[in-house]
Structures are given as C-alpha cells and as structure tokens.
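Novice: So here's run.cif, just mmCIF, N, CA and C atoms:
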```cif
data_model
loop_
_atom_site.label_atom_id
_atom_site.label_comp_id
_atom_site.auth_asym_id
_atom_site.auth_seq_id
_atom_site.Cartn_x
_atom_site.Cartn_y
_atom_site.Cartn_z
N MET X 189 24.89 32.96 19.09
CA MET X 189 24.68 31.62 18.61
C MET X 189 23.52 30.96 19.38
N ILE X 190 23.43 31.22 20.67
CA ILE X 190 22.34 30.65 21.46
C ILE X 190 21.01 31.19 20.99
N GLY X 191 20.98 32.49 20.66
CA GLY X 191 19.75 33.10 20.15
C GLY X 191 19.32 32.47 18.83
N GLU X 192 20.29 32.21 17.95
CA GLU X 192 19.97 31.56 16.68
C GLU X 192 19.44 30.15 16.90
N PHE X 193 20.04 29.43 17.86
CA PHE X 193 19.59 28.07 18.15
C PHE X 193 18.17 28.09 18.69
N LYS X 194 17.87 29.03 19.59
CA LYS X 194 16.53 29.16 20.15
C LYS X 194 15.53 29.50 19.04
N LYS X 195 15.93 30.40 18.15
CA LYS X 195 15.07 30.78 17.02
C LYS X 195 14.81 29.57 16.13
N PHE X 196 15.86 28.77 15.88
CA PHE X 196 15.72 27.56 15.06
C PHE X 196 14.74 26.59 15.72
N LEU X 197 14.86 26.38 17.02
CA LEU X 197 13.99 25.45 17.72
C LEU X 197 12.54 25.89 17.66
N LEU X 198 12.30 27.18 17.81
CA LEU X 198 10.93 27.67 17.87
C LEU X 198 10.30 27.83 16.49
N GLU X 199 11.07 28.27 15.51
CA GLU X 199 10.51 28.53 14.18
C GLU X 199 10.31 27.27 13.36
N THR X 200 11.14 26.29 13.54
CA THR X 200 11.04 25.08 12.71
C THR X 200 10.26 23.96 13.40
N ASN X 201 9.71 24.23 14.56
CA ASN X 201 8.98 23.23 15.34
C ASN X 201 9.85 22.04 15.72
N ALA X 202 11.17 22.24 15.73
CA ALA X 202 12.08 21.16 16.10
C ALA X 202 11.89 20.78 17.56
N PHE X 203 11.58 21.76 18.39
CA PHE X 203 11.35 21.50 19.81
C PHE X 203 10.13 20.60 19.99
N ALA X 204 9.05 20.92 19.29
CA ALA X 204 7.83 20.11 19.36
C ALA X 204 8.10 18.70 18.83
N LEU X 205 8.89 18.61 17.78
CA LEU X 205 9.23 17.29 17.22
C LEU X 205 10.04 16.48 18.22
N ALA X 206 10.99 17.13 18.90
CA ALA X 206 11.80 16.42 19.90
C ALA X 206 10.93 15.92 21.04
N ILE X 207 9.99 16.74 21.49
CA ILE X 207 9.08 16.31 22.55
C ILE X 207 8.23 15.15 22.06
N GLY X 208 7.77 15.20 20.84
CA GLY X 208 6.98 14.11 20.27
C GLY X 208 7.77 12.81 20.20
N VAL X 209 9.04 12.89 19.84
CA VAL X 209 9.88 11.69 19.77
C VAL X 209 10.07 11.11 21.16
N ILE X 210 10.31 11.96 22.15
CA ILE X 210 10.50 11.48 23.52
C ILE X 210 9.22 10.83 24.04
N ILE X 211 8.09 11.47 23.84
CA ILE X 211 6.83 10.89 24.29
C ILE X 211 6.53 9.61 23.52
N GLY X 212 6.81 9.60 22.24
CA GLY X 212 6.60 8.39 21.44
C GLY X 212 7.44 7.22 21.94
N ALA X 213 8.70 7.50 22.30
CA ALA X 213 9.56 6.43 22.83
C ALA X 213 9.01 5.91 24.15
N ALA X 214 8.53 6.82 25.00
CA ALA X 214 7.97 6.39 26.29
C ALA X 214 6.71 5.56 26.08
N VAL X 215 5.83 5.99 25.18
CA VAL X 215 4.62 5.23 24.89
C VAL X 215 4.99 3.87 24.31
N GLY X 216 6.01 3.84 23.45
CA GLY X 216 6.47 2.59 22.88
C GLY X 216 6.94 1.60 23.94
N LYS X 217 7.66 2.10 24.93
CA LYS X 217 8.13 1.23 26.02
C LYS X 217 6.96 0.69 26.83
N VAL X 218 6.01 1.55 27.14
CA VAL X 218 4.85 1.11 27.92
C VAL X 218 4.05 0.07 27.15
N VAL X 219 3.82 0.33 25.88
CA VAL X 219 3.04 -0.61 25.07
C VAL X 219 3.80 -1.92 24.88
N SER X 220 5.11 -1.85 24.65
CA SER X 220 5.89 -3.08 24.51
C SER X 220 5.82 -3.91 25.79
N SER X 221 5.89 -3.25 26.94
CA SER X 221 5.77 -3.96 28.21
C SER X 221 4.38 -4.56 28.35
N MET X 222 3.35 -3.81 27.96
CA MET X 222 1.99 -4.32 28.05
C MET X 222 1.84 -5.57 27.17
N VAL X 223 2.40 -5.51 25.96
CA VAL X 223 2.30 -6.64 25.05
C VAL X 223 3.06 -7.84 25.59
N SER X 224 4.32 -7.63 25.97
CA SER X 224 5.14 -8.78 26.38
C SER X 224 4.79 -9.30 27.76
N ASP X 225 4.34 -8.42 28.68
CA ASP X 225 4.10 -8.86 30.05
C ASP X 225 2.64 -9.21 30.35
N LEU X 226 1.71 -8.64 29.62
CA LEU X 226 0.29 -8.88 29.90
C LEU X 226 -0.42 -9.67 28.80
N LEU X 227 -0.23 -9.26 27.56
CA LEU X 227 -0.98 -9.86 26.46
C LEU X 227 -0.38 -11.19 25.98
N MET X 228 0.93 -11.22 25.79
CA MET X 228 1.54 -12.40 25.21
C MET X 228 1.51 -13.63 26.12
N PRO X 229 1.56 -13.50 27.45
CA PRO X 229 1.37 -14.71 28.26
C PRO X 229 0.01 -15.35 28.02
N LEU X 230 -1.02 -14.54 27.79
CA LEU X 230 -2.34 -15.08 27.48
C LEU X 230 -2.34 -15.77 26.12
N VAL X 231 -1.69 -15.14 25.14
CA VAL X 231 -1.58 -15.74 23.82
C VAL X 231 -0.75 -17.03 23.90
N GLY X 232 0.31 -17.00 24.72
CA GLY X 232 1.16 -18.17 24.88
C GLY X 232 0.43 -19.37 25.45
N MET X 233 -0.60 -19.12 26.27
CA MET X 233 -1.39 -20.23 26.82
C MET X 233 -2.19 -20.92 25.72
N LEU X 234 -2.56 -20.18 24.69
CA LEU X 234 -3.35 -20.75 23.60
C LEU X 234 -2.50 -21.49 22.58
N ILE X 235 -1.22 -21.16 22.52
CA ILE X 235 -0.32 -21.76 21.54
C ILE X 235 0.40 -22.93 22.20
N PRO X 236 0.41 -24.10 21.55
CA PRO X 236 1.14 -25.22 22.13
C PRO X 236 2.62 -24.87 22.30
N GLY X 237 3.16 -25.15 23.44
CA GLY X 237 4.57 -24.83 23.70
C GLY X 237 4.73 -23.49 24.36
N GLY X 238 3.84 -22.52 24.09
CA GLY X 238 3.81 -21.25 24.79
C GLY X 238 4.86 -20.23 24.39
N ALA X 239 6.09 -20.62 24.20
CA ALA X 239 7.17 -19.66 23.93
C ALA X 239 7.28 -19.40 22.43
N TRP X 240 6.27 -18.75 21.89
CA TRP X 240 6.24 -18.55 20.44
C TRP X 240 7.26 -17.53 19.96
N ARG X 241 7.74 -16.64 20.84
CA ARG X 241 8.73 -15.66 20.42
C ARG X 241 10.10 -16.30 20.18
N THR X 242 10.27 -17.52 20.56
CA THR X 242 11.54 -18.21 20.33
C THR X 242 11.47 -19.15 19.13
N TRP X 243 10.36 -19.15 18.41
CA TRP X 243 10.23 -20.01 17.23
C TRP X 243 11.33 -19.67 16.22
N GLN X 244 11.88 -20.71 15.62
CA GLN X 244 12.93 -20.54 14.62
C GLN X 244 12.71 -21.52 13.48
N ILE X 245 13.16 -21.11 12.32
CA ILE X 245 13.26 -22.04 11.19
C ILE X 245 14.75 -22.28 11.01
N VAL X 246 15.18 -23.47 11.37
CA VAL X 246 16.60 -23.80 11.35
C VAL X 246 17.04 -24.03 9.91
N LEU X 247 18.06 -23.29 9.51
CA LEU X 247 18.60 -23.43 8.16
C LEU X 247 19.80 -24.37 8.12
N SER X 248 20.63 -24.30 9.17
CA SER X 248 21.78 -25.21 9.21
C SER X 248 22.23 -25.38 10.66
N THR X 249 22.93 -26.48 10.89
CA THR X 249 23.49 -26.76 12.21
C THR X 249 24.99 -27.00 12.06
N ASP X 250 25.71 -26.84 13.17
CA ASP X 250 27.15 -27.08 13.11
C ASP X 250 27.42 -28.56 13.42
N ALA X 251 28.70 -28.94 13.54
CA ALA X 251 29.08 -30.33 13.74
C ALA X 251 28.58 -30.89 15.06
N GLU X 252 28.36 -30.05 16.04
CA GLU X 252 27.89 -30.50 17.35
C GLU X 252 26.37 -30.58 17.43
N GLY X 253 25.68 -30.20 16.37
CA GLY X 253 24.23 -30.26 16.35
C GLY X 253 23.55 -28.98 16.84
N LYS X 254 24.33 -27.97 17.15
CA LYS X 254 23.75 -26.69 17.57
C LYS X 254 23.32 -25.88 16.34
N VAL X 255 22.36 -25.02 16.55
CA VAL X 255 21.86 -24.19 15.46
C VAL X 255 22.94 -23.20 15.04
N ALA X 256 23.32 -23.26 13.78
CA ALA X 256 24.33 -22.36 13.26
C ALA X 256 23.68 -21.17 12.54
N ASN X 257 22.58 -21.43 11.89
CA ASN X 257 21.92 -20.40 11.10
C ASN X 257 20.42 -20.67 11.13
N ALA X 258 19.63 -19.64 11.52
CA ALA X 258 18.19 -19.84 11.63
C ALA X 258 17.47 -18.52 11.37
N LEU X 259 16.24 -18.67 10.91
CA LEU X 259 15.35 -17.51 10.78
C LEU X 259 14.55 -17.41 12.07
N ASN X 260 14.66 -16.29 12.76
CA ASN X 260 13.97 -16.09 14.03
C ASN X 260 12.56 -15.58 13.78
N THR X 261 11.67 -16.47 13.35
CA THR X 261 10.31 -16.08 13.00
C THR X 261 9.51 -15.60 14.20
N GLY X 262 9.73 -16.18 15.36
CA GLY X 262 9.01 -15.76 16.56
C GLY X 262 9.34 -14.33 16.95
N ALA X 263 10.61 -13.98 16.91
CA ALA X 263 11.02 -12.61 17.24
C ALA X 263 10.44 -11.62 16.24
N PHE X 264 10.44 -12.01 14.96
CA PHE X 264 9.88 -11.14 13.93
C PHE X 264 8.38 -10.95 14.14
N LEU X 265 7.66 -12.04 14.38
CA LEU X 265 6.22 -11.94 14.62
C LEU X 265 5.93 -11.10 15.87
N GLY X 266 6.75 -11.23 16.89
CA GLY X 266 6.58 -10.42 18.09
C GLY X 266 6.76 -8.94 17.79
N ALA X 267 7.76 -8.61 16.97
CA ALA X 267 7.99 -7.22 16.59
C ALA X 267 6.81 -6.67 15.78
N VAL X 268 6.25 -7.51 14.91
CA VAL X 268 5.09 -7.09 14.12
C VAL X 268 3.90 -6.83 15.02
N VAL X 269 3.65 -7.72 15.97
CA VAL X 269 2.53 -7.53 16.91
C VAL X 269 2.74 -6.26 17.72
N ASP X 270 3.97 -6.05 18.23
CA ASP X 270 4.27 -4.82 18.97
C ASP X 270 3.99 -3.59 18.12
N PHE X 271 4.45 -3.62 16.87
CA PHE X 271 4.27 -2.47 15.97
C PHE X 271 2.79 -2.18 15.74
N VAL X 272 2.00 -3.22 15.50
CA VAL X 272 0.57 -3.02 15.23
C VAL X 272 -0.12 -2.42 16.45
N ILE X 273 0.19 -2.93 17.62
CA ILE X 273 -0.46 -2.42 18.83
C ILE X 273 0.00 -1.00 19.12
N ILE X 274 1.30 -0.72 19.02
CA ILE X 274 1.80 0.63 19.25
C ILE X 274 1.21 1.60 18.23
N GLY X 275 1.17 1.19 16.97
CA GLY X 275 0.59 2.04 15.93
C GLY X 275 -0.87 2.34 16.20
N PHE X 276 -1.63 1.34 16.65
CA PHE X 276 -3.05 1.55 16.95
C PHE X 276 -3.22 2.51 18.12
N ILE X 277 -2.42 2.34 19.16
CA ILE X 277 -2.54 3.21 20.33
C ILE X 277 -2.15 4.65 19.98
N VAL X 278 -1.07 4.82 19.22
CA VAL X 278 -0.67 6.18 18.81
C VAL X 278 -1.75 6.80 17.92
N PHE X 279 -2.36 5.99 17.05
CA PHE X 279 -3.45 6.48 16.21
C PHE X 279 -4.62 6.94 17.07
N MET X 280 -4.99 6.15 18.08
CA MET X 280 -6.11 6.52 18.94
C MET X 280 -5.80 7.79 19.75
N ILE X 281 -4.56 7.90 20.26
CA ILE X 281 -4.18 9.10 20.99
C ILE X 281 -4.23 10.32 20.08
N THR X 282 -3.68 10.19 18.89
CA THR X 282 -3.67 11.29 17.93
C THR X 282 -5.09 11.68 17.54
N LYS X 283 -5.93 10.70 17.31
CA LYS X 283 -7.31 10.98 16.92
C LYS X 283 -8.06 11.68 18.04
N THR X 284 -7.76 11.30 19.29
CA THR X 284 -8.42 11.91 20.44
C THR X 284 -7.96 13.35 20.65
N ILE X 285 -6.65 13.57 20.53
CA ILE X 285 -6.10 14.89 20.83
C ILE X 285 -6.32 15.87 19.68
N MET X 286 -6.09 15.44 18.47
CA MET X 286 -6.15 16.34 17.32
C MET X 286 -7.51 16.24 16.64
N LYS X 287 -8.37 17.18 16.93
CA LYS X 287 -9.67 17.24 16.28
C LYS X 287 -9.52 18.01 14.96
N PRO X 288 -10.22 17.60 13.91
CA PRO X 288 -10.10 18.33 12.64
C PRO X 288 -10.67 19.74 12.78
N ALA X 289 -10.08 20.65 12.05
CA ALA X 289 -10.55 22.04 12.07
C ALA X 289 -11.92 22.10 11.41
N PRO X 290 -12.81 22.90 11.95
CA PRO X 290 -14.14 22.99 11.33
C PRO X 290 -14.04 23.60 9.93
N ALA X 291 -14.87 23.11 9.06
CA ALA X 291 -14.87 23.61 7.68
C ALA X 291 -15.38 25.05 7.69
N PRO X 292 -14.77 25.90 6.86
CA PRO X 292 -15.25 27.29 6.82
C PRO X 292 -16.67 27.35 6.26
N ALA X 293 -17.42 28.30 6.74
CA ALA X 293 -18.80 28.47 6.26
C ALA X 293 -18.76 28.88 4.80
N PRO X 294 -19.65 28.34 4.00
CA PRO X 294 -19.65 28.72 2.58
C PRO X 294 -20.03 30.20 2.43
N ALA X 295 -19.44 30.81 1.42
CA ALA X 295 -19.72 32.22 1.15
C ALA X 295 -21.18 32.37 0.74
N PRO X 296 -21.83 33.46 1.17
CA PRO X 296 -23.23 33.65 0.78
C PRO X 296 -23.35 33.84 -0.74
N THR X 297 -24.37 33.24 -1.29
CA THR X 297 -24.57 33.32 -2.74
C THR X 297 -26.02 33.68 -3.04
N LYS X 298 -26.24 34.02 -4.30
CA LYS X 298 -27.60 34.24 -4.80
C LYS X 298 -27.69 33.62 -6.19
N ILE X 299 -28.87 33.48 -6.68
CA ILE X 299 -29.09 32.83 -7.97
C ILE X 299 -29.33 33.90 -9.04
N CYS X 300 -28.64 33.74 -10.16
CA CYS X 300 -28.85 34.65 -11.30
C CYS X 300 -30.23 34.38 -11.89
N PRO X 301 -31.05 35.40 -12.09
CA PRO X 301 -32.39 35.17 -12.62
C PRO X 301 -32.39 34.75 -14.09
N GLN X 302 -31.31 35.03 -14.83
CA GLN X 302 -31.28 34.70 -16.25
C GLN X 302 -30.80 33.27 -16.52
N CYS X 303 -29.64 32.92 -15.91
CA CYS X 303 -29.05 31.62 -16.23
C CYS X 303 -29.16 30.62 -15.08
N VAL X 304 -29.67 31.03 -13.95
CA VAL X 304 -29.91 30.20 -12.77
C VAL X 304 -28.62 29.60 -12.21
N GLU X 305 -27.55 30.31 -12.35
CA GLU X 305 -26.27 29.88 -11.75
C GLU X 305 -26.09 30.57 -10.41
N SER X 306 -25.33 29.96 -9.54
CA SER X 306 -25.05 30.54 -8.23
C SER X 306 -23.88 31.51 -8.36
N VAL X 307 -24.09 32.74 -7.88
CA VAL X 307 -23.05 33.77 -7.92
C VAL X 307 -22.88 34.34 -6.51
N PRO X 308 -21.73 34.93 -6.20
CA PRO X 308 -21.55 35.53 -4.87
C PRO X 308 -22.62 36.58 -4.59
N ALA X 309 -23.00 36.69 -3.32
CA ALA X 309 -24.08 37.61 -2.94
C ALA X 309 -23.73 39.06 -3.22
N ALA X 310 -22.46 39.42 -3.17
CA ALA X 310 -22.05 40.80 -3.40
C ALA X 310 -21.92 41.14 -4.88
N ALA X 311 -22.07 40.18 -5.77
CA ALA X 311 -21.90 40.43 -7.21
C ALA X 311 -23.04 41.28 -7.75
N ARG X 312 -22.68 42.16 -8.72
CA ARG X 312 -23.70 42.98 -9.38
C ARG X 312 -23.98 42.46 -10.79
N LYS X 313 -23.05 41.65 -11.33
CA LYS X 313 -23.23 41.03 -12.65
C LYS X 313 -22.93 39.55 -12.52
N CYS X 314 -23.65 38.76 -13.27
CA CYS X 314 -23.41 37.30 -13.27
C CYS X 314 -22.14 37.01 -14.04
N ARG X 315 -21.27 36.20 -13.45
CA ARG X 315 -20.01 35.87 -14.12
C ARG X 315 -20.21 34.87 -15.27
N TYR X 316 -21.38 34.27 -15.37
CA TYR X 316 -21.64 33.28 -16.41
C TYR X 316 -22.31 33.90 -17.63
N CYS X 317 -23.35 34.76 -17.39
CA CYS X 317 -24.05 35.31 -18.54
C CYS X 317 -23.95 36.83 -18.64
N ALA X 318 -23.31 37.47 -17.69
CA ALA X 318 -23.07 38.92 -17.65
C ALA X 318 -24.32 39.76 -17.47
N SER X 319 -25.42 39.14 -17.08
CA SER X 319 -26.63 39.94 -16.84
C SER X 319 -26.56 40.52 -15.44
N PRO X 320 -27.21 41.67 -15.22
CA PRO X 320 -27.21 42.26 -13.86
C PRO X 320 -28.01 41.37 -12.90
N VAL X 321 -27.51 41.26 -11.69
CA VAL X 321 -28.22 40.46 -10.66
C VAL X 321 -28.60 41.33 -9.47
#
```
Please express the file's structure as structure tokens.
Specialist:
Amino acid sequence: MIGEFKKFLLETNAFALAIGVIIGAAVGKVVSSMVSDLLMPLVGMLIPGGAWRTWQIVLSTDAEGKVANALNTGAFLGAVVDFVIIGFIVFMITKTIMKPAPAPAPAPTKICPQCVESVPAAARKCRYCASPV
C-alpha cells in the first residue's frame, strides 16, 4: 500500500501540488502581513478616519442602538486588495521562474518550381501539383 501511495504521489504530481499549496499559503501570509502592516497604514493616513477596514453599511440596529446587521464593506475591500496584491506577486514569481519553452525550429522546406508552394525539403514530389521537385 505504501508503494502504491508513493507511486500515486510521483505519477500524478500530487506531491508537487502539495508543495505548491504549502508555498502558496506561506507567500499569502507574508503578503497579507505586508499589506496590513506596511501598506495599509500608509493608505490609512490618506483616508479620513484611517480605519477603513472597519467601514460598515449599517442595515439595522437593535433596541439599544447597537449594530444588529451590517455590510462589512471595509473588510471586503481589504480582502480584495489582499487578493490583488497576492495574485500580482504570485504572477510575477511564476513569470520569473517558468520561462516559456523555445519554439521548435521550422522544418526545412524548398519551393516547388511549378506551383511555387513550399514543400518539405525531403519531398520528391510536390503535394500540391504532383510535379517532381
């Protein structure tokens, strides 16, 4: 059973996926900390009141005047900002690490003297007009 599990991990790239998820979670924590601890205090200085992550749209209050039901717009906007920054950083890391594979060199060709079409260099007859090349 252990051999089958090892085979499953290696053949299905599940091991690589698990490592990617772990690294992604770690990067997410670092970026969330960077956003909340470094970037947002600067943004908070520009916004009147500063604590924009606590913004709410109050829908109803109870008999004592406390908020009973509200839309937490600040928390939502904070999550959107975190997502955009994390997505951008993961995109940049992926773009840096994963270079596209070079395009294969085109097969050598020659021109048919009769119909002027491009045919493979090893061809003895033109596939378009059937004349010898």
Novice: Expand the PyMOL selection byres ((chain X and resi 310) around 8) into the individual residues it matches in the shown file, reporting them as a short mmCIF file (atom, residue, chain, number, x, y, z; two decimals) with N, CA and C atoms, keeping the file's coordinate frame.
Specialist:
```
data_model
loop_
_atom_site.label_atom_id
_atom_site.label_comp_id
_atom_site.auth_asym_id
_atom_site.auth_seq_id
_atom_site.Cartn_x
_atom_site.Cartn_y
_atom_site.Cartn_z
N PRO X 296 -21.83 33.46 1.17
CA PRO X 296 -23.23 33.65 0.78
C PRO X 296 -23.35 33.84 -0.74
N THR X 297 -24.37 33.24 -1.29
CA THR X 297 -24.57 33.32 -2.74
C THR X 297 -26.02 33.68 -3.04
N LYS X 298 -26.24 34.02 -4.30
CA LYS X 298 -27.60 34.24 -4.80
C LYS X 298 -27.69 33.62 -6.19
N VAL X 307 -24.09 32.74 -7.88
CA VAL X 307 -23.05 33.77 -7.92
C VAL X 307 -22.88 34.34 -6.51
N PRO X 308 -21.73 34.93 -6.20
CA PRO X 308 -21.55 35.53 -4.87
C PRO X 308 -22.62 36.58 -4.59
N ALA X 309 -23.00 36.69 -3.32
CA ALA X 309 -24.08 37.61 -2.94
C ALA X 309 -23.73 39.06 -3.22
N ALA X 311 -22.07 40.18 -5.77
CA ALA X 311 -21.90 40.43 -7.21
C ALA X 311 -23.04 41.28 -7.75
N ARG X 312 -22.68 42.16 -8.72
CA ARG X 312 -23.70 42.98 -9.38
C ARG X 312 -23.98 42.46 -10.79
N LYS X 313 -23.05 41.65 -11.33
CA LYS X 313 -23.23 41.03 -12.65
C LYS X 313 -22.93 39.55 -12.52
#
```
Novice: Which residue gives the smallest distance to X:Cys314 among X:Cys300, X:Leu205, X:Val272, X:Met233, with all atoms listed in the file counted?
Specialist: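 Going through X:Cys300, X:Leu205, X:Val272, X:Met233 one by one, the smallest distance to X:Cys314 is for X:Cys300.
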Novice: As a compact mmCIF listing (two decimals) with N, CA and C atoms, in the coordinates of the input, please: every residue in stretch 217-274 of chain X that a backbone DSSP assignment puts in strand (DSSP E).
Specialist:
```
# COMPACT_ATOMS: atom_id res chain seq x y z
N ILE X 245 13.16 -21.11 12.32
CA ILE X 245 13.26 -22.04 11.19
C ILE X 245 14.75 -22.28 11.01
N VAL X 246 15.18 -23.47 11.37
CA VAL X 246 16.60 -23.80 11.35
C VAL X 246 17.04 -24.03 9.91
N LEU X 247 18.06 -23.29 9.51
CA LEU X 247 18.60 -23.43 8.16
C LEU X 247 19.80 -24.37 8.12
N SER X 248 20.63 -24.30 9.17
CA SER X 248 21.78 -25.21 9.21
C SER X 248 22.23 -25.38 10.66
N THR X 249 22.93 -26.48 10.89
CA THR X 249 23.49 -26.76 12.21
C THR X 249 24.99 -27.00 12.06
N VAL X 255 22.36 -25.02 16.55
CA VAL X 255 21.86 -24.19 15.46
C VAL X 255 22.94 -23.20 15.04
N ALA X 256 23.32 -23.26 13.78
CA ALA X 256 24.33 -22.36 13.26
C ALA X 256 23.68 -21.17 12.54
N ASN X 257 22.58 -21.43 11.89
CA ASN X 257 21.92 -20.40 11.10
C ASN X 257 20.42 -20.67 11.13
N ALA X 258 19.63 -19.64 11.52
CA ALA X 258 18.19 -19.84 11.63
C ALA X 258 17.47 -18.52 11.37
N LEU X 259 16.24 -18.67 10.91
CA LEU X 259 15.35 -17.51 10.78
C LEU X 259 14.55 -17.41 12.07
```
Novice: Between atom CA of X:Val246 and atom CA of X:Gly232, what is the distance in Å, rounded to a tenth?
Specialist: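 Going from atom CA of X:Val246 over to atom CA of X:Gly232 covers 21.3 Å.
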Novice: Between atom CA of X:Thr249 and atom CA of X:Ala263, what is the distance in Å, rounded to a tenth?
Specialist: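 Computed distance, atom CA of X:Thr249 to atom CA of X:Ala263, equals 19.5 Å.
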Novice: Could you tell me how far atom CA of X:Ser224 sits from atom N of X:Ser248, in Å to one decimal place?
Specialist: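 Atom N of X:Ser248 sits 27.9 Å away from atom CA of X:Ser224.
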Novice: Give me the residues near stretch 264-270 of chain X as an NGL selection string, where near means some atom within 7 Å (using only N, CA and C atoms) and where sequence neighbours in that chain fewer than 2 positions away do not count.
Specialist: :X and (219-220 or 223 or 241 or 260-262 or 272-275)
Novice: As a PyMOL selection string, please: every residue in chain X that DSSP puts in helix (DSSP H, G or I).
Specialist: chain X and resi 190-199+202-234+240-242+261-285
Novice: Any chance you could model N, CA, C and O atoms for stretch 270-281 of chain X and send them as a short mmCIF file (atom, residue, chain, number, x, y, z; two decimals), in the coordinates of the input?
Specialist:
```cif
data_model
loop_
_atom_site.label_atom_id
_atom_site.label_comp_id
_atom_site.auth_asym_id
_atom_site.auth_seq_id
_atom_site.Cartn_x
_atom_site.Cartn_y
_atom_site.Cartn_z
N ASP X 270 3.97 -6.05 18.23
CA ASP X 270 4.27 -4.82 18.97
C ASP X 270 3.99 -3.59 18.12
O ASP X 270 3.38 -2.62 18.58
N PHE X 271 4.45 -3.62 16.87
CA PHE X 271 4.27 -2.47 15.97
C PHE X 271 2.79 -2.18 15.74
O PHE X 271 2.36 -1.02 15.79
N VAL X 272 2.00 -3.22 15.50
CA VAL X 272 0.57 -3.02 15.23
C VAL X 272 -0.12 -2.42 16.45
O VAL X 272 -0.89 -1.46 16.33
N ILE X 273 0.19 -2.93 17.62
CA ILE X 273 -0.46 -2.42 18.83
C ILE X 273 0.00 -1.00 19.12
O ILE X 273 -0.82 -0.12 19.43
N ILE X 274 1.30 -0.72 19.02
CA ILE X 274 1.80 0.63 19.25
C ILE X 274 1.21 1.60 18.23
O ILE X 274 0.77 2.70 18.57
N GLY X 275 1.17 1.19 16.97
CA GLY X 275 0.59 2.04 15.93
C GLY X 275 -0.87 2.34 16.20
O GLY X 275 -1.32 3.48 16.05
N PHE X 276 -1.63 1.34 16.65
CA PHE X 276 -3.05 1.55 16.95
C PHE X 276 -3.22 2.51 18.12
O PHE X 276 -4.06 3.41 18.08
N ILE X 277 -2.42 2.34 19.16
CA ILE X 277 -2.54 3.21 20.33
C ILE X 277 -2.15 4.65 19.98
O ILE X 277 -2.82 5.60 20.37
N VAL X 278 -1.07 4.82 19.22
CA VAL X 278 -0.67 6.18 18.81
C VAL X 278 -1.75 6.80 17.92
O VAL X 278 -2.08 7.98 18.04
N PHE X 279 -2.36 5.99 17.05
CA PHE X 279 -3.45 6.48 16.21
C PHE X 279 -4.62 6.94 17.07
O PHE X 279 -5.19 8.02 16.83
N MET X 280 -4.99 6.15 18.08
CA MET X 280 -6.11 6.52 18.94
C MET X 280 -5.80 7.79 19.75
O MET X 280 -6.66 8.65 19.91
N ILE X 281 -4.56 7.90 20.26
CA ILE X 281 -4.18 9.10 20.99
C ILE X 281 -4.23 10.32 20.08
O ILE X 281 -4.76 11.37 20.44
#
```
